[in-house]
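S.K.: If it helps, the file is called structure.cif and holds mmCIF, C-alpha atoms and all ligand atoms:
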data_work
loop_
_atom_site.label_atom_id
_atom_site.label_comp_id
_atom_site.auth_asym_id
_atom_site.auth_seq_id
_atom_site.Cartn_x
_atom_site.Cartn_y
_atom_site.Cartn_z
CA MET A 1 -8.04 17.33 -109.84
CA TYR A 2 -8.15 13.59 -110.60
CA MET A 3 -11.64 12.36 -109.68
CA LEU A 4 -10.45 8.75 -109.82
CA GLN A 5 -7.49 9.32 -107.48
CA GLY A 6 -7.47 6.52 -104.90
CA LYS A 7 -10.66 4.95 -106.24
CA LYS A 8 -10.84 1.16 -106.14
CA VAL A 9 -12.10 -0.12 -109.47
CA VAL A 10 -13.16 -3.68 -110.28
CA LEU A 11 -12.74 -4.05 -114.04
CA GLY A 12 -14.77 -6.96 -115.39
CA ILE A 13 -13.65 -8.29 -118.77
CA THR A 14 -15.71 -10.68 -120.88
CA GLY A 15 -15.22 -12.65 -124.11
CA SER A 16 -15.37 -10.03 -126.81
CA ILE A 17 -12.79 -8.94 -129.35
CA ALA A 18 -12.97 -5.52 -127.65
CA ALA A 19 -11.23 -7.17 -124.66
CA TYR A 20 -7.93 -6.08 -126.23
CA LYS A 21 -8.93 -2.50 -125.33
CA ALA A 22 -9.12 -3.49 -121.65
CA ALA A 23 -5.31 -3.26 -121.44
CA TYR A 24 -5.41 0.38 -122.49
CA LEU A 25 -8.43 0.98 -120.25
CA SER A 26 -6.63 -0.44 -117.18
CA ARG A 27 -3.64 1.74 -117.95
CA ALA A 28 -5.81 4.84 -118.37
CA LEU A 29 -7.55 4.19 -115.03
CA ILE A 30 -4.24 3.66 -113.24
CA LYS A 31 -2.83 6.85 -114.77
CA LYS A 32 -5.78 8.71 -113.22
CA GLY A 33 -4.82 7.34 -109.80
CA ALA A 34 -7.23 4.39 -109.58
CA GLU A 35 -6.39 0.97 -108.14
CA VAL A 36 -7.64 -1.68 -110.55
CA GLN A 37 -8.64 -5.27 -109.74
CA ILE A 38 -9.43 -7.31 -112.82
CA VAL A 39 -12.05 -10.06 -112.80
CA ILE A 40 -12.16 -11.84 -116.14
CA THR A 41 -14.49 -14.54 -117.48
CA PRO A 42 -13.04 -17.77 -118.94
CA ALA A 43 -14.06 -16.53 -122.42
CA GLY A 44 -12.35 -13.19 -121.74
CA LYS A 45 -9.03 -14.98 -121.27
CA GLU A 46 -9.29 -16.28 -124.86
CA PHE A 47 -9.00 -12.68 -126.04
CA ILE A 48 -6.44 -11.16 -123.69
CA THR A 49 -3.98 -12.89 -121.37
CA PRO A 50 -4.07 -12.47 -117.59
CA VAL A 51 -0.28 -11.95 -117.72
CA THR A 52 -0.67 -8.72 -119.71
CA LEU A 53 -3.40 -7.51 -117.36
CA SER A 54 -1.64 -8.38 -114.10
CA ALA A 55 1.56 -6.73 -115.37
CA LEU A 56 -0.41 -3.53 -116.02
CA THR A 57 -2.43 -3.53 -112.80
CA GLN A 58 0.25 -5.07 -110.58
CA LYS A 59 -2.39 -7.35 -109.08
CA PRO A 60 -3.21 -10.99 -109.76
CA VAL A 61 -6.08 -11.31 -112.22
CA ILE A 62 -9.08 -13.13 -110.77
CA SER A 63 -11.00 -15.52 -112.95
CA GLU A 64 -11.90 -18.62 -110.94
CA PHE A 65 -13.42 -19.03 -107.48
CA PHE A 66 -10.08 -20.34 -106.18
CA THR A 67 -6.47 -20.65 -107.37
CA ALA A 68 -5.91 -24.22 -108.61
CA ASN A 69 -2.34 -24.73 -107.33
CA ASP A 70 -2.77 -23.63 -103.71
CA GLY A 71 -6.55 -23.53 -103.25
CA THR A 72 -6.63 -19.78 -102.37
CA TRP A 73 -10.30 -18.77 -102.23
CA HIS A 74 -11.29 -15.55 -104.03
CA SER A 75 -14.17 -14.02 -102.16
CA HIS A 76 -16.54 -12.20 -104.49
CA VAL A 77 -18.19 -10.80 -101.36
CA ASP A 78 -14.93 -9.17 -100.22
CA ILE A 79 -14.36 -7.73 -103.71
CA GLY A 80 -17.91 -6.33 -103.66
CA LEU A 81 -17.18 -4.58 -100.35
CA TRP A 82 -13.71 -3.37 -101.42
CA ALA A 83 -14.72 -1.57 -104.63
CA ASP A 84 -15.70 2.07 -105.14
CA LEU A 85 -17.06 1.12 -108.54
CA MET A 86 -17.35 -1.81 -110.90
CA LEU A 87 -16.90 -1.41 -114.64
CA ILE A 88 -17.68 -4.25 -117.03
CA ALA A 89 -15.94 -3.44 -120.29
CA PRO A 90 -16.39 -5.08 -122.67
CA ALA A 91 -19.75 -6.59 -121.67
CA THR A 92 -21.00 -9.25 -124.08
CA ALA A 93 -24.67 -10.05 -124.73
CA ALA A 94 -24.18 -13.30 -122.76
CA THR A 95 -22.80 -11.52 -119.68
CA ILE A 96 -25.49 -8.83 -119.86
CA GLY A 97 -28.13 -11.58 -120.03
CA LYS A 98 -26.63 -13.38 -117.02
CA MET A 99 -26.44 -10.12 -115.05
CA ALA A 100 -30.07 -9.34 -115.87
CA HIS A 101 -31.23 -12.76 -114.68
CA GLY A 102 -28.79 -13.48 -111.84
CA ILE A 103 -27.16 -16.50 -113.51
CA ALA A 104 -24.13 -16.73 -111.23
CA ASP A 105 -22.05 -19.33 -113.07
CA ASN A 106 -18.71 -17.51 -113.04
CA MET A 107 -16.62 -15.29 -110.79
CA LEU A 108 -17.55 -12.11 -112.67
CA ILE A 109 -21.30 -12.59 -112.22
CA THR A 110 -21.00 -13.55 -108.54
CA THR A 111 -18.86 -10.44 -108.02
CA TYR A 112 -21.51 -8.36 -109.80
CA LEU A 113 -24.27 -9.80 -107.61
CA SER A 114 -22.26 -9.03 -104.46
CA MET A 115 -21.30 -5.53 -105.57
CA LYS A 116 -22.13 -2.68 -103.15
CA ALA A 117 -20.63 0.03 -105.38
CA PRO A 118 -22.16 1.55 -108.55
CA VAL A 119 -21.86 -0.65 -111.64
CA PHE A 120 -21.05 0.67 -115.12
CA VAL A 121 -21.58 -1.54 -118.16
CA ALA A 122 -19.99 -0.92 -121.58
CA PRO A 123 -21.63 -3.32 -124.06
CA ALA A 124 -19.66 -4.61 -127.06
CA MET A 125 -21.20 -6.83 -129.72
CA ASP A 126 -22.35 -7.11 -133.29
CA LEU A 127 -25.01 -4.59 -134.37
CA ASP A 128 -27.81 -7.18 -134.74
CA MET A 129 -27.05 -8.72 -131.37
CA PHE A 130 -27.16 -5.29 -129.78
CA ALA A 131 -30.43 -4.38 -131.51
CA HIS A 132 -32.09 -7.70 -130.63
CA PRO A 133 -35.15 -7.20 -128.39
CA SER A 134 -33.79 -9.68 -125.81
CA THR A 135 -30.51 -7.72 -125.49
CA GLN A 136 -32.41 -4.44 -125.25
CA GLU A 137 -34.76 -5.87 -122.65
CA ASN A 138 -31.80 -7.12 -120.60
CA ILE A 139 -30.11 -3.72 -120.84
CA ASP A 140 -33.36 -2.06 -119.66
CA LYS A 141 -33.40 -4.51 -116.74
CA LEU A 142 -29.85 -3.54 -115.78
CA ARG A 143 -30.87 0.13 -115.92
CA SER A 144 -33.83 -0.63 -113.67
CA TYR A 145 -31.37 -2.18 -111.16
CA GLY A 146 -29.56 1.18 -111.13
CA ASN A 147 -26.62 0.09 -113.31
CA ILE A 148 -25.21 2.75 -115.63
CA ILE A 149 -24.99 1.75 -119.28
CA ILE A 150 -22.20 3.32 -121.32
CA GLU A 151 -23.83 3.16 -124.74
CA PRO A 152 -21.75 1.54 -127.48
CA ALA A 153 -20.62 3.68 -130.40
CA THR A 154 -21.63 3.30 -134.03
CA GLY A 155 -18.85 2.29 -136.39
CA TYR A 156 -16.78 -0.49 -137.89
CA LEU A 157 -17.29 -3.83 -136.12
CA ALA A 158 -15.15 -6.97 -135.95
CA SER A 159 -17.76 -8.72 -138.11
CA ALA A 160 -16.77 -6.25 -140.89
CA LEU A 161 -20.28 -4.80 -140.65
CA GLU A 162 -20.95 -1.23 -139.60
CA GLY A 163 -23.45 -0.22 -136.94
CA LYS A 164 -24.08 0.33 -133.25
CA GLY A 165 -22.25 -2.14 -131.04
CA ARG A 166 -18.61 -0.97 -130.80
CA MET A 167 -17.50 -0.66 -127.21
CA GLU A 168 -17.08 3.02 -126.31
CA GLU A 169 -13.45 4.15 -126.53
CA PRO A 170 -11.48 3.70 -123.27
CA ASP A 171 -10.77 7.43 -122.87
CA ASN A 172 -14.49 8.20 -123.14
CA ILE A 173 -15.30 5.46 -120.61
CA VAL A 174 -12.80 6.98 -118.19
CA LYS A 175 -14.47 10.37 -118.72
CA VAL A 176 -17.90 8.90 -117.85
CA LEU A 177 -16.44 7.56 -114.59
CA GLU A 178 -14.74 10.88 -113.79
CA ASP A 179 -17.97 12.80 -114.46
CA TYR A 180 -19.82 10.39 -112.18
CA PHE A 181 -17.53 11.15 -109.24
CA LYS A 182 -17.47 14.87 -110.06
CA LYS A 183 -21.27 14.99 -109.80
CA LYS A 184 -21.56 12.48 -106.97
CA ASN A 185 -21.56 15.04 -104.22
CA ASP A 186 -22.49 18.24 -106.02
CA LEU A 187 -25.87 18.32 -104.23
CA ASN A 188 -24.41 17.62 -100.79
CA GLN A 189 -26.19 19.63 -98.07
CA LYS A 190 -29.05 20.45 -100.46
CA LYS A 191 -32.67 19.53 -99.94
CA ILE A 192 -34.88 19.05 -102.98
CA LEU A 193 -38.63 18.60 -103.22
CA ILE A 194 -39.95 16.57 -106.15
CA THR A 195 -43.55 15.79 -107.09
CA ALA A 196 -44.20 12.69 -109.18
CA GLY A 197 -46.92 10.50 -110.61
CA PRO A 198 -50.60 11.19 -111.19
CA THR A 199 -53.29 12.25 -108.74
CA TYR A 200 -56.58 10.44 -108.24
CA GLU A 201 -59.73 12.54 -107.93
CA LYS A 202 -62.48 10.43 -106.42
CA ILE A 203 -65.94 10.31 -108.00
CA ASP A 204 -67.42 7.66 -105.71
CA PRO A 205 -65.96 4.75 -103.66
CA VAL A 206 -65.05 2.80 -106.84
CA ARG A 207 -64.23 5.42 -109.48
CA TYR A 208 -61.77 8.25 -109.95
CA ILE A 209 -60.40 10.69 -112.54
CA SER A 210 -56.69 10.45 -113.30
CA ASN A 211 -54.11 10.31 -116.10
CA TYR A 212 -51.44 7.97 -117.50
CA SER A 213 -48.45 9.14 -115.42
CA SER A 214 -46.34 6.19 -114.22
CA GLY A 215 -44.07 8.28 -111.97
CA LYS A 216 -40.96 7.11 -113.89
CA MET A 217 -39.74 10.61 -114.74
CA GLY A 218 -40.25 11.99 -111.22
CA TYR A 219 -38.68 8.97 -109.53
CA ALA A 220 -35.69 9.17 -111.91
CA LEU A 221 -35.22 12.80 -110.82
CA ALA A 222 -35.43 11.82 -107.16
CA GLU A 223 -32.84 9.05 -107.59
CA GLU A 224 -30.54 11.37 -109.54
CA CYS A 225 -30.70 14.08 -106.83
CA ALA A 226 -30.13 11.55 -104.04
CA SER A 227 -27.22 9.89 -105.85
CA ARG A 228 -25.62 13.35 -106.04
CA GLY A 229 -25.89 13.81 -102.29
CA ALA A 230 -29.19 15.67 -101.86
CA GLU A 231 -31.81 14.92 -99.28
CA VAL A 232 -35.00 14.41 -101.28
CA ILE A 233 -38.66 14.81 -100.34
CA LEU A 234 -40.57 12.90 -103.00
CA ILE A 235 -44.29 13.68 -102.92
CA SER A 236 -45.77 10.90 -104.96
CA GLY A 237 -49.19 10.17 -106.32
CA PRO A 238 -50.26 6.50 -106.62
CA VAL A 239 -47.64 4.61 -108.69
CA GLN A 240 -46.12 1.13 -108.84
CA LEU A 241 -42.60 2.39 -108.10
CA LYS A 242 -40.53 2.46 -104.92
CA ALA A 243 -37.66 4.88 -104.32
CA LYS A 244 -34.36 3.02 -103.77
CA ASN A 245 -31.95 5.57 -102.34
CA PRO A 246 -32.21 5.95 -98.54
CA LYS A 247 -31.78 9.72 -98.93
CA ILE A 248 -35.27 9.85 -100.45
CA THR A 249 -38.25 10.33 -98.12
CA THR A 250 -41.41 9.38 -99.98
CA VAL A 251 -44.61 11.13 -98.98
CA GLN A 252 -47.52 9.20 -100.48
CA VAL A 253 -50.59 11.19 -101.50
CA GLU A 254 -53.64 10.48 -103.59
CA SER A 255 -55.45 13.67 -104.59
CA ALA A 256 -54.24 17.03 -105.90
CA GLU A 257 -55.46 18.66 -102.67
CA GLU A 258 -53.27 16.32 -100.57
CA MET A 259 -50.30 16.88 -102.87
CA HIS A 260 -50.87 20.63 -102.60
CA ARG A 261 -50.96 20.49 -98.79
CA LYS A 262 -47.80 18.40 -98.52
CA ALA A 263 -45.92 20.46 -101.13
CA LYS A 264 -46.70 23.69 -99.26
CA GLU A 265 -45.64 22.06 -95.97
CA TYR A 266 -42.24 20.82 -97.23
CA PHE A 267 -41.24 23.43 -99.81
CA PRO A 268 -40.14 26.20 -97.37
CA GLU A 269 -37.35 24.00 -95.96
CA THR A 270 -35.89 23.08 -99.37
CA ASP A 271 -33.38 24.63 -101.76
CA ALA A 272 -35.32 23.67 -104.88
CA GLY A 273 -38.56 22.15 -106.07
CA ILE A 274 -39.05 20.16 -109.26
CA LEU A 275 -42.71 19.63 -110.08
CA CYS A 276 -43.00 16.62 -112.30
CA ALA A 277 -46.38 15.29 -111.16
CA ALA A 278 -49.23 15.14 -113.62
CA VAL A 279 -51.73 16.81 -111.32
CA ALA A 280 -55.39 16.49 -112.27
CA ASP A 281 -56.52 20.01 -113.11
CA PHE A 282 -60.11 19.24 -112.13
CA LYS A 283 -61.95 17.18 -109.56
CA PRO A 284 -65.62 16.20 -109.21
CA ALA A 285 -67.61 18.95 -107.48
CA HIS A 286 -69.27 16.32 -105.25
CA TYR A 287 -68.04 13.01 -103.95
CA ALA A 288 -70.82 10.37 -103.96
CA GLU A 289 -70.74 8.39 -100.68
CA HIS A 290 -72.14 5.31 -102.45
CA LYS A 291 -71.43 3.78 -105.82
CA MET A 292 -73.28 5.78 -108.45
CA LYS A 293 -75.87 3.67 -110.23
CA ARG A 294 -76.41 3.52 -113.95
CA GLN A 295 -79.81 4.74 -115.08
CA PRO A 296 -80.66 2.85 -118.29
CA GLY A 297 -80.66 5.21 -121.26
CA GLU A 298 -79.87 8.28 -119.10
CA PRO A 299 -76.64 10.26 -119.65
CA MET A 300 -74.48 10.80 -116.60
CA GLU A 301 -73.37 14.36 -115.91
CA LEU A 302 -70.32 15.03 -113.81
CA VAL A 303 -69.62 18.59 -112.65
CA LEU A 304 -65.89 19.31 -112.31
CA ILE A 305 -64.28 22.12 -110.38
CA PRO A 306 -60.62 23.28 -110.61
CA ASN A 307 -57.96 21.81 -108.35
CA PRO A 308 -55.36 24.07 -106.74
CA ASP A 309 -52.35 24.86 -108.94
CA ILE A 310 -49.47 23.50 -106.83
CA ALA A 311 -46.74 25.04 -108.98
CA ALA A 312 -48.35 28.48 -108.88
CA SER A 313 -48.80 28.27 -105.06
CA LEU A 314 -45.12 27.41 -104.58
CA GLY A 315 -44.18 30.13 -107.09
CA GLU A 316 -45.99 32.62 -104.81
CA ILE A 317 -44.20 31.61 -101.60
CA LYS A 318 -40.78 31.03 -103.25
CA LYS A 319 -37.90 32.79 -101.40
CA PRO A 320 -35.05 34.44 -103.36
CA HIS A 321 -32.62 31.59 -102.55
CA GLN A 322 -35.07 28.92 -103.76
CA ILE A 323 -35.27 27.50 -107.27
CA LEU A 324 -38.52 26.25 -108.72
CA ALA A 325 -38.76 24.14 -111.86
CA GLY A 326 -41.85 22.71 -113.50
CA PHE A 327 -42.75 20.49 -116.40
CA ALA A 328 -45.05 21.26 -119.31
CA LEU A 329 -46.78 18.38 -121.04
CA GLU A 330 -48.09 19.59 -124.36
CA THR A 331 -49.72 18.26 -127.48
CA GLU A 332 -49.40 21.44 -129.60
CA ASN A 333 -47.65 24.87 -129.53
CA GLY A 334 -45.20 23.46 -127.01
CA ILE A 335 -42.79 26.37 -126.64
CA GLN A 336 -45.50 29.07 -126.40
CA ASN A 337 -47.53 27.10 -123.87
CA ALA A 338 -44.47 26.22 -121.80
CA GLU A 339 -43.32 29.87 -121.75
CA ARG A 340 -46.79 30.95 -120.62
CA LYS A 341 -46.74 28.39 -117.76
CA LEU A 342 -43.19 29.39 -116.79
CA LYS A 343 -44.31 33.01 -116.26
CA LYS A 344 -47.73 32.30 -114.77
CA LYS A 345 -46.30 29.93 -112.14
CA ASN A 346 -43.19 32.04 -111.40
CA LEU A 347 -40.79 29.20 -112.30
CA ASP A 348 -37.06 29.54 -112.88
CA PHE A 349 -37.16 27.00 -115.68
CA ILE A 350 -39.60 24.61 -117.26
CA VAL A 351 -39.05 21.21 -118.88
CA LEU A 352 -41.20 20.77 -121.94
CA ASN A 353 -42.12 17.29 -123.15
CA SER A 354 -44.55 16.75 -125.96
CA LEU A 355 -46.86 13.82 -126.61
CA SER A 356 -46.30 14.42 -130.32
CA ASP A 357 -42.70 13.17 -129.95
CA GLU A 358 -42.46 9.39 -130.17
CA GLY A 359 -40.97 7.88 -127.01
CA ALA A 360 -41.67 11.01 -124.93
CA GLY A 361 -44.03 11.69 -122.05
CA PHE A 362 -46.18 9.22 -120.10
CA GLN A 363 -45.18 5.64 -119.32
CA ASN A 364 -42.17 5.36 -121.64
CA ASN A 365 -38.71 4.58 -120.29
CA THR A 366 -37.46 7.44 -122.48
CA ASN A 367 -38.25 11.11 -122.82
CA LYS A 368 -37.37 13.98 -125.12
CA VAL A 369 -37.29 17.36 -123.45
CA THR A 370 -36.61 21.04 -124.09
CA ILE A 371 -35.58 23.25 -121.18
CA ILE A 372 -36.78 26.86 -121.29
CA ASP A 373 -35.61 29.28 -118.63
CA SER A 374 -36.87 32.65 -117.43
CA GLY A 375 -34.23 34.36 -119.58
CA SER A 376 -35.87 32.77 -122.68
CA ASN A 377 -32.95 30.39 -123.26
CA VAL A 378 -34.14 27.25 -125.04
CA ILE A 379 -32.12 24.03 -124.94
CA ASP A 380 -33.22 20.94 -126.89
CA TYR A 381 -32.15 17.46 -125.81
CA PRO A 382 -32.42 14.26 -127.88
CA LEU A 383 -34.57 11.26 -126.93
CA LYS A 384 -32.87 9.52 -123.99
CA PRO A 385 -33.63 7.06 -121.17
CA LYS A 386 -35.45 8.91 -118.35
CA LYS A 387 -32.45 8.36 -116.08
CA GLU A 388 -30.26 10.37 -118.47
CA VAL A 389 -32.96 13.01 -118.93
CA ALA A 390 -33.01 13.38 -115.15
CA GLU A 391 -29.22 13.80 -115.20
CA ASP A 392 -29.52 16.58 -117.82
CA ILE A 393 -32.21 18.36 -115.80
CA ILE A 394 -30.16 18.22 -112.59
CA ASP A 395 -27.03 19.36 -114.46
CA TYR A 396 -29.14 22.33 -115.56
CA LEU A 397 -30.39 22.95 -112.03
CA MET A 398 -26.75 23.09 -110.88
CA ASN A 399 -26.37 26.38 -112.82
CA TYR A 400 -28.62 27.93 -110.19
CA LEU A 401 -27.56 26.24 -106.97
O1 LIG A 501 -44.78 9.80 -114.93
P1 LIG A 501 -44.30 9.41 -116.30
O2 LIG A 501 -45.14 8.31 -116.91
O3 LIG A 501 -42.82 9.11 -116.34
O4 LIG A 501 -44.53 10.66 -117.27
C1 LIG A 501 -43.82 11.83 -117.04
C2 LIG A 501 -44.71 13.09 -117.26
C3 LIG A 501 -45.17 13.14 -118.70
C4 LIG A 501 -45.92 13.04 -116.33
C5 LIG A 501 -43.80 14.34 -116.89
O5 LIG A 501 -42.67 14.33 -117.72
C6 LIG A 501 -44.57 15.63 -117.05
O6 LIG A 501 -44.65 16.23 -118.10
N1 LIG A 501 -45.16 16.12 -115.92
C7 LIG A 501 -46.04 17.30 -115.88
C8 LIG A 501 -47.39 16.94 -116.39
C9 LIG A 501 -48.36 18.11 -116.32
O7 LIG A 501 -49.26 18.08 -115.53
O8 LIG A 501 -48.05 19.11 -117.09
P2 LIG A 501 -48.91 20.49 -117.19
O9 LIG A 501 -48.38 21.15 -118.40
O10 LIG A 501 -50.39 20.20 -117.14
O11 LIG A 501 -48.53 21.26 -115.87
C10 LIG A 501 -47.52 22.27 -115.81
C11 LIG A 501 -46.81 22.25 -114.47
O12 LIG A 501 -47.71 22.62 -113.43
C12 LIG A 501 -46.25 20.91 -114.06
O13 LIG A 501 -45.03 21.13 -113.41
C13 LIG A 501 -47.29 20.34 -113.11
O14 LIG A 501 -46.70 19.48 -112.13
C14 LIG A 501 -47.80 21.62 -112.46
N2 LIG A 501 -49.20 21.56 -112.02
C15 LIG A 501 -50.22 21.38 -112.91
C16 LIG A 501 -51.52 21.41 -112.48
C17 LIG A 501 -51.79 21.63 -111.11
N3 LIG A 501 -53.03 21.66 -110.68
N4 LIG A 501 -50.78 21.81 -110.26
C18 LIG A 501 -49.50 21.78 -110.68
O15 LIG A 501 -48.56 21.94 -109.89
#
Could I get this file's structure written as structure tokens?
M.R.:
Amino acid sequence: MYMLQGKKVVLGITGSIAAYKAAYLSRALIKKGAEVQIVITPAGKEFITPVTLSALTQKPVISEFFTANDGTWHSHVDIGLWADLMLIAPATAATIGKMAHGIADNMLITTYLSMKAPVFVAPAMDLDMFAHPSTQENIDKLRSYGNIIIEPATGYLASALEGKGRMEEPDNIVKVLEDYFKKKNDLNQKKILITAGPTYEKIDPVRYISNYSSGKMGYALAEECASRGAEVILISGPVQLKAKNPKITTVQVESAEEMHRKAKEYFPETDAGILCAAVADFKPAHYAEHKMKRQPGEPMELVLIPNPDIAASLGEIKKPHQILAGFALETENGIQNAERKLKKKNLDFIVLNSLSDEGAGFQNNTNKVTIIDSGSNVIDYPLKPKKEVAEDIIDYLMNYL
């Protein structure tokens, strides 16, 4: 079945030598049943002519805000409402920078800013431009807006240098779009519980015990599930993030006890639970009503008692149709420790991330994980942006649902 059949695609083309591939890309999209509207920047037209593109798409190519000879106005707002997806391929460093900062000085950027549909971006540039911190920061910004980056390939570049910066091949880009629509509704009618972020365990009115969790991994999982059609209950410890998808209901909690209570309340009505929160294992035995005072020269002793194990509690009440997945954050003997937690908490699979892997774990925008299931299957994934890690984890969950 053609996943792009009947889909309305806005193809944005910018001023890169890879623009010549846009002709093939338009053709490939049309062959899959898509309707393609091209919006090209003035620089893009230096690399490929609108005549070629309009002949292929059978639609006038849009480049300016209005047509010079008869004054016809091209509404970027209408295009934004019309589209099922927008693909910018090739996307130059300049266009990526303008998208990241809302510099709406051409039709393509205004269309992007008005776009209601998902936006895919396929960068194309020289290797040093791509690696430059400003380009990488702009790409991270686009990711944070929910745009999907189709990473460039490594290979021979127009500059005669070799490296990462070649626009991904059109057939592979089409496959990314097809996969997106294939997965889009695969969690329809499903309800998923996700825990995210740290917990705060109060010592006194001004102090608490916690950890470095930013919530990025858990929120990425929630967004991924919601974008695939699931209704999501996100039980979140205190973080700076806000869930974007309206299918996500965020339940804010502070302590492990609160998270435990809410998780037990919501879990029975869900199809799966993914426990990504970094729950404090211990809390102070006593909460001091008033700020504890320092006694000069005296050590301070804090007695800690264990918090409830949320994963293990849900593992106990899990029904046969429910799937339960946890995370294991390790610093040593990762696989053994993760396998032990998988069994002890009655999980179906566990996602191991290790603080000994650079770019993995707390705070980073990336993670490197290994999935271990109850049948002792072990699957290693490379270091990836957390959004893509979330996609891998949900793809894995689909084997069960
Ligand atoms: O939030 P980020 O900055 O993006 O970082 C992501 C992360 C590193 C926090 C995340 O990827 C992660 O590893 N989360 C689990 C952290 C953790 O507490 O791991 P653990 O090995 O101590 O716990 C094992 C499992 O039991 C986890 O699913 C945990 O949620 C759960 N648990 C732990 C203790 C407890 N009292 N109750 C629990 O449910």
S.K.: Can you check which parts of chain A lie within 6 Å of ligand LIG 501 (chain A)? Per residue, the shortest pair of atoms and distance in Å to one decimal, counting all atoms listed in the file, sorted by chain and number, as JSON lines.
M.R.:
{"residue": "A:Gly197", "atom": "CA", "partner": "A:LIG501", "partner_atom": "O1", "distance": 4.9}
{"residue": "A:Ser213", "atom": "CA", "partner": "A:LIG501", "partner_atom": "O2", "distance": 3.7}
{"residue": "A:Ser214", "atom": "CA", "partner": "A:LIG501", "partner_atom": "O2", "distance": 3.6}
{"residue": "A:Gly215", "atom": "CA", "partner": "A:LIG501", "partner_atom": "O1", "distance": 3.4}
{"residue": "A:Lys216", "atom": "CA", "partner": "A:LIG501", "partner_atom": "O3", "distance": 3.7}
{"residue": "A:Met217", "atom": "CA", "partner": "A:LIG501", "partner_atom": "O3", "distance": 3.8}
{"residue": "A:Leu275", "atom": "CA", "partner": "A:LIG501", "partner_atom": "O13", "distance": 4.3}
{"residue": "A:Cys276", "atom": "CA", "partner": "A:LIG501", "partner_atom": "N1", "distance": 4.2}
{"residue": "A:Ala277", "atom": "CA", "partner": "A:LIG501", "partner_atom": "O14", "distance": 4.3}
{"residue": "A:Ala278", "atom": "CA", "partner": "A:LIG501", "partner_atom": "O7", "distance": 3.5}
{"residue": "A:Val279", "atom": "CA", "partner": "A:LIG501", "partner_atom": "C16", "distance": 4.7}
{"residue": "A:Ala280", "atom": "CA", "partner": "A:LIG501", "partner_atom": "N3", "distance": 5.9}
{"residue": "A:Asp281", "atom": "CA", "partner": "A:LIG501", "partner_atom": "N3", "distance": 4.6}
{"residue": "A:Asn307", "atom": "CA", "partner": "A:LIG501", "partner_atom": "N3", "distance": 5.5}
{"residue": "A:Pro308", "atom": "CA", "partner": "A:LIG501", "partner_atom": "N3", "distance": 5.2}
{"residue": "A:Asp309", "atom": "CA", "partner": "A:LIG501", "partner_atom": "N4", "distance": 3.7}
{"residue": "A:Ile310", "atom": "CA", "partner": "A:LIG501", "partner_atom": "O15", "distance": 3.6}
{"residue": "A:Ala311", "atom": "CA", "partner": "A:LIG501", "partner_atom": "O15", "distance": 3.7}
{"residue": "A:Gly326", "atom": "CA", "partner": "A:LIG501", "partner_atom": "O13", "distance": 3.6}
{"residue": "A:Phe327", "atom": "CA", "partner": "A:LIG501", "partner_atom": "O13", "distance": 3.8}
{"residue": "A:Ala328", "atom": "CA", "partner": "A:LIG501", "partner_atom": "O9", "distance": 3.5}
{"residue": "A:Leu329", "atom": "CA", "partner": "A:LIG501", "partner_atom": "O9", "distance": 4.1}
{"residue": "A:Asn353", "atom": "CA", "partner": "A:LIG501", "partner_atom": "O6", "distance": 5.7}
{"residue": "A:Gly361", "atom": "CA", "partner": "A:LIG501", "partner_atom": "C3", "distance": 3.8}
{"residue": "A:Phe362", "atom": "CA", "partner": "A:LIG501", "partner_atom": "O2", "distance": 3.5}
{"residue": "A:Gln363", "atom": "CA", "partner": "A:LIG501", "partner_atom": "O2", "distance": 3.6}
S.K.: Which one is closest to Ile96 of chain A: A:Gly12, A:Pro296, A:Pro284, A:Gly33? Count all atoms listed in the file.
M.R.: A:Gly12
S.K.: Kindly indicate which residue among A:Gly237, A:Gly334, A:Pro246, A:Pro152 lies nearest to Ala263 of chain A, using all atoms listed in the file for the distances.
M.R.: A:Gly237
S.K.: Record the distance separating atom CA of Pro50 of chain A and atom CA of Leu142 of chain A, expressed in Å with one decimal.
M.R.: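 These two atoms are separated by 27.3 Å.
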S.K.: Write out as a list in words which residues come within 9 Å of Ala93 of chain A when counting all atoms listed in the file, dropping same-chain ones fewer than 2 positions away.
M.R.: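 Here the qualifying residues turn out to be Ala91, Thr95, Ile96, Gly97, Lys98, Pro123, Ala124, Met125, Met129, Phe130, Thr135 and Asn138 of chain A.
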S.K.: How would the residues just picked look written out with C-alpha atoms as a PDB file, in the coordinates of the input?
M.R.:
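Here's the written file result.pdb:
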ATOM      1  CA  ALA A  91     -19.750  -6.590-121.670  1.00  0.00           C
ATOM      2  CA  THR A  95     -22.800 -11.520-119.680  1.00  0.00           C
ATOM      3  CA  ILE A  96     -25.490  -8.830-119.860  1.00  0.00           C
ATOM      4  CA  GLY A  97     -28.130 -11.580-120.030  1.00  0.00           C
ATOM      5  CA  LYS A  98     -26.630 -13.380-117.020  1.00  0.00           C
ATOM      6  CA  PRO A 123     -21.630  -3.320-124.060  1.00  0.00           C
ATOM      7  CA  ALA A 124     -19.660  -4.610-127.060  1.00  0.00           C
ATOM      8  CA  MET A 125     -21.200  -6.830-129.720  1.00  0.00           C
ATOM      9  CA  MET A 129     -27.050  -8.720-131.370  1.00  0.00           C
ATOM     10  CA  PHE A 130     -27.160  -5.290-129.780  1.00  0.00           C
ATOM     11  CA  THR A 135     -30.510  -7.720-125.490  1.00  0.00           C
ATOM     12  CA  ASN A 138     -31.800  -7.120-120.600  1.00  0.00           C
TER      13      ASN A 138
END
